[in-house]
file model.txt (compact mmCIF, C-alpha atoms and all ligand atoms)
# COMPACT_ATOMS: atom_id res chain seq x y z
CA MET A 1 0.00 0.00 0.00
CA TYR A 2 2.71 2.48 1.01
CA HIS A 3 4.76 1.37 -2.00
CA LEU A 4 1.96 2.53 -4.28
CA LEU A 5 1.59 5.81 -2.45
CA ARG A 6 5.38 6.20 -2.41
CA SER A 7 5.61 6.05 -6.22
CA LEU A 8 3.27 9.06 -6.29
CA LEU A 9 4.98 10.89 -3.45
CA PHE A 10 8.38 10.35 -5.06
CA LEU A 11 7.21 12.28 -8.16
CA VAL A 12 7.17 15.45 -6.09
CA ASP A 13 10.12 17.45 -4.74
CA PRO A 14 11.30 15.79 -1.48
CA GLU A 15 11.01 18.92 0.61
CA HIS A 16 7.41 19.52 -0.49
CA ILE A 17 6.54 15.99 0.55
CA HIS A 18 8.37 16.47 3.83
CA ARG A 19 6.26 19.54 4.52
CA PHE A 20 3.03 17.72 3.63
CA VAL A 21 3.85 14.66 5.77
CA SER A 22 5.03 16.91 8.61
CA GLY A 23 1.61 18.58 8.55
CA LEU A 24 -0.11 15.21 9.09
CA ILE A 25 2.33 14.26 11.85
CA ARG A 26 1.84 17.65 13.52
CA PHE A 27 -1.93 17.11 13.46
CA VAL A 28 -1.47 13.83 15.36
CA ALA A 29 1.14 15.36 17.70
CA GLY A 30 -1.39 17.93 18.88
CA ARG A 31 -3.97 15.26 19.77
CA PRO A 32 -2.65 12.97 22.54
CA ALA A 33 -5.69 10.67 22.49
CA LEU A 34 -5.31 10.07 18.75
CA ALA A 35 -1.53 9.67 19.14
CA GLY A 36 -2.06 7.06 21.88
CA PHE A 37 -4.62 5.22 19.74
CA LEU A 38 -2.25 5.12 16.77
CA ARG A 39 0.70 4.07 18.91
CA ARG A 40 -1.22 1.07 20.19
CA ARG A 41 -1.44 -0.02 16.54
CA PHE A 42 1.97 1.07 15.30
CA ALA A 43 4.24 0.13 18.22
CA ALA A 44 5.43 -3.40 18.94
CA THR A 45 5.64 -2.82 22.66
CA ASP A 46 6.98 -5.80 24.57
CA PRO A 47 8.93 -5.70 27.83
CA ARG A 48 11.69 -7.81 26.24
CA LEU A 49 12.45 -4.92 23.86
CA ALA A 50 12.94 -2.35 26.64
CA VAL A 51 16.40 -0.85 27.00
CA SER A 52 18.00 1.04 29.89
CA ALA A 53 20.75 3.44 28.86
CA PHE A 54 22.30 6.54 30.41
CA GLY A 55 19.78 6.54 33.21
CA LEU A 56 16.77 6.50 30.87
CA ARG A 57 14.29 3.79 30.06
CA PHE A 58 13.48 3.23 26.38
CA PRO A 59 10.35 1.17 25.62
CA GLY A 60 12.21 -0.33 22.64
CA PRO A 61 15.58 0.05 20.90
CA LEU A 62 14.50 1.92 17.74
CA GLY A 63 14.40 5.71 17.56
CA LEU A 64 13.99 8.27 14.83
CA ALA A 65 17.34 9.86 13.96
CA ALA A 66 18.00 13.60 14.03
CA GLY A 67 16.96 15.76 11.11
CA PHE A 68 13.30 14.85 10.57
CA ASP A 69 11.92 17.04 13.35
CA LYS A 70 14.28 20.00 13.44
CA GLY A 71 12.59 21.61 16.40
CA GLU A 72 9.13 21.78 14.85
CA GLY A 73 7.40 19.88 17.62
CA LEU A 74 6.48 16.82 15.53
CA ALA A 75 7.82 14.30 18.04
CA GLY A 76 4.39 13.36 19.47
CA GLY A 77 3.26 12.16 16.03
CA LEU A 78 6.49 10.20 15.55
CA TYR A 79 6.03 8.27 18.80
CA ALA A 80 2.54 7.53 17.47
CA LEU A 81 4.17 5.80 14.48
CA GLY A 82 5.91 3.41 16.84
CA PHE A 83 9.33 4.96 17.47
CA SER A 84 10.53 4.27 21.01
CA PHE A 85 12.45 7.53 21.16
CA VAL A 86 12.84 10.59 18.99
CA GLU A 87 15.95 12.70 18.51
CA VAL A 88 15.06 16.20 17.37
CA GLY A 89 17.30 18.84 15.83
CA THR A 90 19.87 19.84 14.94
CA ILE A 91 18.90 22.96 16.87
CA THR A 92 21.15 26.02 16.90
CA PRO A 93 20.91 28.86 19.46
CA ARG A 94 19.56 31.36 16.93
CA PRO A 95 17.12 30.67 14.07
CA GLN A 96 18.65 30.19 10.61
CA PRO A 97 17.21 29.40 7.16
CA GLY A 98 19.69 26.73 6.06
CA ASN A 99 21.01 26.41 2.52
CA PRO A 100 19.14 27.48 -0.64
CA LYS A 101 16.73 24.94 -2.14
CA PRO A 102 16.85 22.38 -3.65
CA ARG A 103 18.88 20.79 -0.86
CA MET A 104 17.48 17.25 -0.57
CA PHE A 105 17.75 14.60 -3.30
CA ARG A 106 16.56 11.01 -3.67
CA LEU A 107 18.60 8.15 -5.10
CA PRO A 108 15.91 5.46 -5.28
CA GLU A 109 18.12 2.88 -7.00
CA GLN A 110 20.50 3.05 -4.07
CA GLN A 111 17.83 3.49 -1.39
CA ALA A 112 19.68 6.62 -0.40
CA LEU A 113 19.27 10.37 0.04
CA ILE A 114 21.68 13.25 -0.29
CA ASN A 115 20.99 16.38 1.74
CA ARG A 116 22.65 19.70 2.33
CA MET A 117 19.94 21.23 4.50
CA GLY A 118 22.43 23.23 6.60
CA PHE A 119 20.67 23.20 10.00
CA ASN A 120 17.50 25.03 8.95
CA ASN A 121 15.67 25.56 12.25
CA ALA A 122 13.69 28.10 14.26
CA GLY A 123 16.29 28.41 17.03
CA ALA A 124 16.50 27.13 20.59
CA ALA A 125 13.95 29.43 22.24
CA GLU A 126 11.20 28.52 19.78
CA ALA A 127 12.05 24.81 20.03
CA GLU A 128 11.94 24.97 23.83
CA GLU A 129 8.41 26.30 23.70
CA ARG A 130 7.28 23.57 21.31
CA TYR A 131 8.73 20.70 23.33
CA ARG A 132 7.48 22.17 26.60
CA GLN A 133 4.01 21.69 25.13
CA LEU A 134 4.70 18.15 23.97
CA ALA A 135 1.62 16.35 25.24
CA PHE A 136 2.37 12.78 24.10
CA ARG A 137 5.74 11.49 25.20
CA PRO A 138 5.84 7.71 25.72
CA GLY A 139 9.64 7.51 25.25
CA PRO A 140 12.74 9.67 25.74
CA LEU A 141 13.24 12.86 23.73
CA GLY A 142 16.80 13.52 22.55
CA ILE A 143 17.90 16.96 21.46
CA ASN A 144 20.70 17.31 18.92
CA LEU A 145 22.68 20.54 19.33
CA GLY A 146 24.65 22.50 16.75
CA LYS A 147 26.29 25.85 16.13
CA ASN A 148 24.98 28.64 13.95
CA LYS A 149 26.65 28.96 10.56
CA ASP A 150 27.84 32.51 11.25
CA THR A 151 29.39 31.74 14.65
CA PRO A 152 33.18 31.59 14.27
CA ALA A 153 34.83 28.29 15.16
CA GLU A 154 36.57 29.85 18.21
CA ARG A 155 33.15 30.60 19.71
CA ALA A 156 31.53 27.27 18.82
CA ALA A 157 31.53 26.17 22.47
CA ASP A 158 29.32 29.16 23.39
CA ASP A 159 26.72 28.04 20.84
CA TYR A 160 26.51 24.45 22.11
CA LEU A 161 26.24 25.74 25.66
CA ALA A 162 23.61 28.35 24.81
CA ALA A 163 21.47 25.83 22.92
CA PHE A 164 21.80 23.36 25.79
CA GLU A 165 20.89 25.94 28.45
CA ALA A 166 17.80 26.97 26.49
CA LEU A 167 16.61 23.38 26.02
CA ALA A 168 17.90 21.61 29.14
CA ASP A 169 14.49 21.29 30.79
CA VAL A 170 12.69 19.78 27.81
CA GLY A 171 15.19 17.16 26.63
CA ASP A 172 16.00 13.79 28.20
CA TYR A 173 19.39 13.47 26.50
CA PHE A 174 21.53 15.75 24.34
CA VAL A 175 23.80 15.11 21.37
CA VAL A 176 26.76 17.24 20.37
CA ASN A 177 26.67 17.28 16.59
CA VAL A 178 30.09 18.08 15.17
CA SER A 179 29.65 15.78 12.21
CA SER A 180 27.18 17.28 9.72
CA PRO A 181 28.88 18.02 6.40
CA ASN A 182 26.71 21.03 5.59
CA THR A 183 27.98 23.69 7.99
CA PRO A 184 31.39 24.88 6.79
CA GLY A 185 34.15 23.92 9.24
CA LEU A 186 31.81 22.04 11.61
CA ARG A 187 33.55 18.70 11.25
CA ASP A 188 36.90 20.28 12.15
CA LEU A 189 35.44 20.48 15.66
CA GLN A 190 36.02 16.71 15.81
CA ALA A 191 39.71 17.53 16.43
CA PRO A 192 40.34 16.49 20.06
CA GLU A 193 41.31 19.91 21.44
CA ALA A 194 38.44 21.72 19.74
CA LEU A 195 36.08 19.06 21.01
CA ARG A 196 37.28 19.22 24.60
CA ALA A 197 36.69 22.99 24.54
CA ILE A 198 33.06 22.28 23.66
CA LEU A 199 32.50 19.29 25.92
CA ARG A 200 33.97 20.57 29.20
CA PRO A 201 31.65 23.55 29.76
CA LEU A 202 28.74 21.53 28.41
CA GLN A 203 29.39 18.66 30.78
CA ALA A 204 29.62 21.11 33.70
CA ALA A 205 26.28 22.63 32.70
CA ALA A 206 24.71 19.19 32.25
CA LYS A 207 25.89 18.19 35.73
CA ALA A 208 24.33 21.33 37.19
CA ARG A 209 21.07 20.26 35.52
CA GLY A 210 20.89 16.99 37.43
CA GLY A 211 23.32 15.09 35.20
CA LYS A 212 21.56 15.27 31.85
CA PRO A 213 23.21 12.72 29.53
CA VAL A 214 25.38 14.23 26.78
CA LEU A 215 26.36 12.11 23.76
CA LEU A 216 28.65 12.81 20.82
CA LYS A 217 27.72 12.16 17.17
CA LEU A 218 30.59 11.40 14.80
CA ALA A 219 31.06 11.35 11.01
CA PRO A 220 31.52 8.02 9.22
CA ASP A 221 34.31 9.61 7.18
CA LEU A 222 36.77 9.78 10.08
CA ALA A 223 39.80 7.48 9.87
CA ASP A 224 39.50 4.48 12.18
CA GLU A 225 42.35 5.73 14.39
CA ASP A 226 40.58 9.06 14.86
CA VAL A 227 37.41 7.24 15.85
CA ASP A 228 39.46 5.29 18.43
CA ALA A 229 40.92 8.51 19.83
CA LEU A 230 37.49 10.16 20.02
CA ALA A 231 35.95 7.12 21.69
CA ASP A 232 38.69 7.33 24.34
CA LEU A 233 38.08 11.05 24.68
CA ALA A 234 34.35 10.50 25.15
CA LEU A 235 35.13 8.11 27.99
CA GLU A 236 37.65 10.48 29.60
CA GLU A 237 35.23 13.39 29.43
CA GLY A 238 32.48 11.34 31.04
CA LEU A 239 30.08 11.44 28.10
CA ALA A 240 26.97 9.26 28.23
CA GLY A 241 27.47 7.65 24.82
CA LEU A 242 28.31 7.91 21.14
CA VAL A 243 26.03 8.21 18.12
CA LEU A 244 27.61 6.40 15.15
CA ALA A 245 27.21 7.87 12.62
CA ASN A 246 26.13 10.91 10.60
CA THR A 247 25.82 11.16 6.80
CA THR A 248 28.88 10.62 4.59
CA ILE A 249 30.56 12.96 2.13
CA GLY A 250 31.69 9.80 0.32
CA ARG A 251 29.54 8.26 -2.41
CA PRO A 252 29.65 4.55 -1.65
CA THR A 253 28.20 2.59 -4.60
CA ALA A 254 26.28 5.50 -6.09
CA GLU A 255 28.54 7.10 -8.69
CA ASP A 256 26.18 6.31 -11.58
CA GLU A 257 23.16 8.27 -10.41
CA PRO A 258 23.08 11.90 -11.57
CA ALA A 259 21.89 12.97 -8.09
CA ALA A 260 25.03 11.40 -6.59
CA LYS A 261 26.95 14.41 -7.94
CA GLN A 262 25.00 16.76 -5.66
CA ALA A 263 27.01 18.19 -2.78
CA GLY A 264 25.94 17.12 0.70
CA GLY A 265 25.78 14.15 3.03
CA MET A 266 24.60 10.77 1.81
CA SER A 267 22.35 8.62 4.01
CA GLY A 268 20.60 5.30 3.58
CA ALA A 269 21.49 1.77 2.52
CA PRO A 270 25.03 2.50 1.21
CA LEU A 271 25.98 3.62 4.73
CA LEU A 272 25.19 0.36 6.52
CA PRO A 273 28.53 -1.48 6.08
CA ARG A 274 30.47 1.51 7.43
CA SER A 275 28.13 2.21 10.35
CA LEU A 276 28.20 -1.49 11.34
CA ALA A 277 31.99 -1.56 11.17
CA LEU A 278 32.27 1.61 13.26
CA VAL A 279 29.90 0.32 15.93
CA ALA A 280 31.75 -3.01 16.17
CA ARG A 281 35.12 -1.25 16.34
CA VAL A 282 34.12 1.07 19.18
CA ARG A 283 32.38 -1.76 21.00
CA ARG A 284 35.56 -3.86 20.83
CA ARG A 285 37.58 -0.94 22.14
CA LEU A 286 35.30 0.22 24.96
CA GLY A 287 33.25 -2.85 25.76
CA SER A 288 30.04 -1.97 27.54
CA ARG A 289 31.51 1.10 29.24
CA LEU A 290 29.87 3.52 26.80
CA PRO A 291 26.50 2.90 25.15
CA ILE A 292 26.46 3.30 21.36
CA VAL A 293 23.52 4.50 19.29
CA GLY A 294 23.95 2.79 15.90
CA VAL A 295 22.59 4.70 12.90
CA GLY A 296 23.13 4.61 9.16
CA GLY A 297 21.31 2.48 6.61
CA ILE A 298 18.87 0.63 8.85
CA PHE A 299 15.94 -0.39 6.63
CA THR A 300 14.86 -3.77 8.02
CA ALA A 301 14.73 -5.77 11.24
CA ASP A 302 17.76 -7.68 9.98
CA ASP A 303 19.75 -4.45 9.65
CA ALA A 304 18.77 -3.39 13.17
CA TRP A 305 19.54 -6.86 14.55
CA ARG A 306 23.01 -6.80 12.98
CA MET A 307 23.62 -3.31 14.37
CA ILE A 308 22.63 -4.38 17.88
CA ARG A 309 24.73 -7.54 17.69
CA ALA A 310 27.64 -5.41 16.44
CA GLY A 311 27.41 -3.44 19.69
CA ALA A 312 24.67 -0.82 19.49
CA THR A 313 22.57 -0.47 22.66
CA LEU A 314 20.06 1.61 20.70
CA VAL A 315 19.49 2.10 16.97
CA GLN A 316 18.03 4.89 14.86
CA GLY A 317 16.79 5.30 11.32
CA TYR A 318 15.79 8.18 9.08
CA THR A 319 16.21 7.29 5.39
CA GLY A 320 14.72 3.82 5.93
CA PHE A 321 11.61 5.52 7.36
CA ILE A 322 11.30 7.72 4.24
CA TYR A 323 11.49 4.63 2.01
CA GLY A 324 9.57 2.31 4.33
CA GLY A 325 6.69 4.57 5.38
CA PRO A 326 4.49 4.50 8.47
CA GLY A 327 4.96 0.76 9.11
CA TYR A 328 8.77 1.13 9.40
CA ALA A 329 9.13 1.12 13.20
CA ARG A 330 6.59 -1.62 13.79
CA ALA A 331 8.16 -3.93 11.19
CA ILE A 332 11.59 -3.49 12.76
CA GLU A 333 10.59 -3.89 16.40
CA ARG A 334 8.37 -6.89 15.60
CA GLY A 335 11.16 -8.43 13.56
CA LEU A 336 13.59 -7.91 16.44
CA LEU A 337 11.25 -9.76 18.75
CA GLU A 338 11.14 -12.70 16.34
CA ARG A 339 14.93 -12.78 16.07
CA LEU A 340 15.23 -12.63 19.84
CA GLU A 341 12.98 -15.65 20.20
CA ALA A 342 14.76 -17.56 17.43
CA ALA A 343 18.11 -16.88 19.13
CA GLY A 344 16.75 -18.01 22.50
CA LEU A 345 17.70 -14.73 24.18
CA PRO A 346 15.69 -13.37 27.11
CA ASN A 347 15.68 -9.73 26.00
CA ILE A 348 17.20 -7.33 23.47
CA GLU A 349 19.88 -6.14 25.88
CA ALA A 350 21.29 -9.67 25.87
CA ALA A 351 21.99 -9.35 22.12
CA VAL A 352 24.11 -6.18 22.36
CA GLY A 353 27.64 -6.77 21.08
CA LEU A 354 27.31 -10.53 20.49
CA ASP A 355 28.97 -10.13 17.08
CA ALA A 356 31.41 -7.31 17.91
CA ASP A 357 34.33 -9.72 17.57
CA ALA A 358 33.09 -11.30 14.35
CA ALA A 359 35.03 -10.67 11.14
CA PRO A 360 34.67 -6.98 10.30
CA VAL A 361 32.22 -6.07 7.57
CA VAL A 362 34.12 -4.60 4.63
CA PRO A 363 33.09 -0.94 4.36
C1 LIG A 401 17.35 15.05 5.26
C2 LIG A 401 18.26 14.70 6.40
C3 LIG A 401 18.54 15.66 7.36
C4 LIG A 401 19.39 15.36 8.43
N1 LIG A 401 19.63 16.31 9.38
C5 LIG A 401 20.43 16.00 10.44
C6 LIG A 401 20.67 16.95 11.47
O1 LIG A 401 20.15 18.06 11.44
N2 LIG A 401 21.50 16.60 12.49
C7 LIG A 401 22.08 15.36 12.57
O2 LIG A 401 22.81 15.08 13.53
N3 LIG A 401 21.85 14.43 11.61
C8 LIG A 401 21.05 14.73 10.57
N4 LIG A 401 20.82 13.78 9.61
C9 LIG A 401 21.54 12.47 9.70
C10 LIG A 401 20.70 11.38 10.32
O3 LIG A 401 20.38 11.68 11.66
C11 LIG A 401 21.49 10.05 10.28
O4 LIG A 401 22.66 10.15 11.08
C12 LIG A 401 21.90 9.65 8.86
O5 LIG A 401 20.91 10.02 7.93
C13 LIG A 401 22.15 8.14 8.73
O6 LIG A 401 21.00 7.40 9.02
P1 LIG A 401 19.97 6.84 7.90
O7 LIG A 401 20.79 6.11 6.88
O8 LIG A 401 19.04 5.95 8.67
O9 LIG A 401 19.29 8.02 7.32
C14 LIG A 401 19.97 14.06 8.53
C15 LIG A 401 19.67 13.10 7.56
C16 LIG A 401 18.83 13.40 6.51
C17 LIG A 401 18.54 12.35 5.47
call {"tool": "encode", "arguments": {"input": "model.txt", "output": "structure tokens"}}
result
Amino acid sequence: MYHLLRSLLFLVDPEHIHRFVSGLIRFVAGRPALAGFLRRRFAATDPRLAVSAFGLRFPGPLGLAAGFDKGEGLAGGLYALGFSFVEVGTITPRPQPGNPKPRMFRLPEQQALINRMGFNNAGAAEAEERYRQLAFRPGPLGINLGKNKDTPAERAADDYLAAFEALADVGDYFVVNVSSPNTPGLRDLQAPEALRAILRPLQAAAKARGGKPVLLKLAPDLADEDVDALADLALEEGLAGLVLANTTIGRPTAEDEPAAKQAGGMSGAPLLPRSLALVARVRRRLGSRLPIVGVGGIFTADDAWRMIRAGATLVQGYTGFIYGGPGYARAIERGLLERLEAAGLPNIEAAVGLDADAAPVVP
């Protein structure tokens, strides 16, 4: 059914469709009774799928990745579609329009997207108001933080701190995003010294707010050794976890499509081998000391199962949801339950990292 609808939707510019679908989701978000009704149909709630991580309880392991709800207050409608948690943002302290359109492109043959949105969002104050009014909230709300495009790199730390301070009361966990390819210079903040300058004041502020968990989201384009160094740094700085990974500036397997030449970050199926390899690598290095949120190319229950067995405590999807439609979360969480039973495991947490030592997947 969705496949039929999708062929029609895919005839229209992706951002127009996003706006149309967002309107429907916003309608549901504003009606908690309707959202609850839908969630009972769209969520595969089962106590064996529940996950505890960084002091929070997640009803299931699958969340919606950052970038769908960029502070617009859609989260209520996304929980209704079965996601166990929603990460909103990236949110910057001040509003900004993002890059000129078009800035989002489909690569259907590859089951991928390329975007160069550039952190279009209404700013932290506006987002705070929207999430304060969030009436339907059956799982944790993550808030992904960024810097404004016109803030110089030397003052980046002030932006992360300002966005955090504005949103601290409405988010359950926070993610430092230094890995989007569409803000010039942003990924340079992944250099250890630049990163420490951001993380230290932020961690102090998070502590003062009752120990709100702060995670770090990395780019899949980092060299393996740099990922190792940043995983160690995350541990040293007392972060709550890592989100692996963001979109890639590489073009794995997609050179033939005209849209592949567009500038921006690629997401979707071509990312899965790299995100799996990254998750397994960090899991091998840090063991269970730091929870990992595995993201990049999760389309099916099998993908999510492999990501969890590679070492992800939680998983997220975005592009798979665009291609898979409203049944995406339910299909994955149901499928995970089946795999759990087939493997004879008592709960999903028992599957985390089972394959971290297996032969690495070739990226
Ligand atoms: C259109 C679009 C916008 C995105 N915006 C953000 C963002 O603002 N902040 C962020 O951290 N990640 C953003 N992402 C990256 C996703 O959160 C995710 O890390 C990436 O897409 C890989 O997952 P996927 O293959 O399931 O899409 C965006 C992705 C897409 C497709």
call {"tool": "closest_residue", "arguments": {"input": "model.txt", "among": "A:Phe10, A:Tyr2, A:Phe321, A:Tyr131", "to": "Leu81 of chain A", "atoms": "only C-alpha atoms"}}
result
A:Phe321
call {"tool": "axis_aligned_box", "arguments": {"input": "model.txt", "around": "ligand LIG 401 (chain A)", "padding_each_side": "8 Å", "output": "JSON"}}
result
{"center_x": 20.1, "center_y": 12.0, "center_z": 9.4, "size_x": 21.5, "size_y": 28.1, "size_z": 24.3}
call {"tool": "closest_atom_pairs", "arguments": {"input": "model.txt", "of": "chain A", "to": "ligand LIG 401 (chain A)", "cutoff": "6 Å", "atoms": "only C-alpha atoms and all ligand atoms", "output": "tab-separated table"}}
result
residue	atom	partner	partner_atom	distance
A:Ala65	CA	A:LIG401	O3	4.2
A:Ala66	CA	A:LIG401	O3	3.9
A:Gly67	CA	A:LIG401	N1	3.2
A:Gly89	CA	A:LIG401	O1	5.3
A:Thr90	CA	A:LIG401	O1	3.9
A:Leu113	CA	A:LIG401	C17	5.8
A:Asn115	CA	A:LIG401	C1	5.2
A:Phe119	CA	A:LIG401	O1	5.4
A:Asn177	CA	A:LIG401	O2	5.4
A:Ala245	CA	A:LIG401	O4	5.3
A:Asn246	CA	A:LIG401	O4	3.6
A:Thr247	CA	A:LIG401	C12	4.7
A:Ser267	CA	A:LIG401	O7	4.1
A:Gly268	CA	A:LIG401	O7	3.4
A:Val295	CA	A:LIG401	O6	5.0
A:Gly296	CA	A:LIG401	O6	3.5
A:Gly297	CA	A:LIG401	O7	3.7
A:Ile298	CA	A:LIG401	O8	5.3
A:Gly317	CA	A:LIG401	O8	3.5
A:Tyr318	CA	A:LIG401	O9	3.9
A:Thr319	CA	A:LIG401	O9	3.7
A:Gly320	CA	A:LIG401	O8	5.5
call {"tool": "atom_distance", "arguments": {"input": "model.txt", "atom1": "atom CA of Pro140 of chain A", "atom2": "atom CA of Phe85 of chain A"}}
result
5.1 Å
call {"tool": "closest_residue", "arguments": {"input": "model.txt", "among": "A:Leu336, A:Leu195, A:Ala329, A:Leu216", "to": "Val86 of chain A", "atoms": "only C-alpha atoms"}}
result
A:Ala329
call {"tool": "closest_residue", "arguments": {"input": "model.txt", "among": "A:Pro192, A:Pro213, A:Pro61, A:Gly118", "to": "Gly82 of chain A", "atoms": "only C-alpha atoms"}}
result
A:Pro61
call {"tool": "closest_residue", "arguments": {"input": "model.txt", "among": "A:Pro93, A:Gly250, A:Gly211, A:Pro138", "to": "Glu165 of chain A", "atoms": "only C-alpha atoms"}}
result
A:Pro93
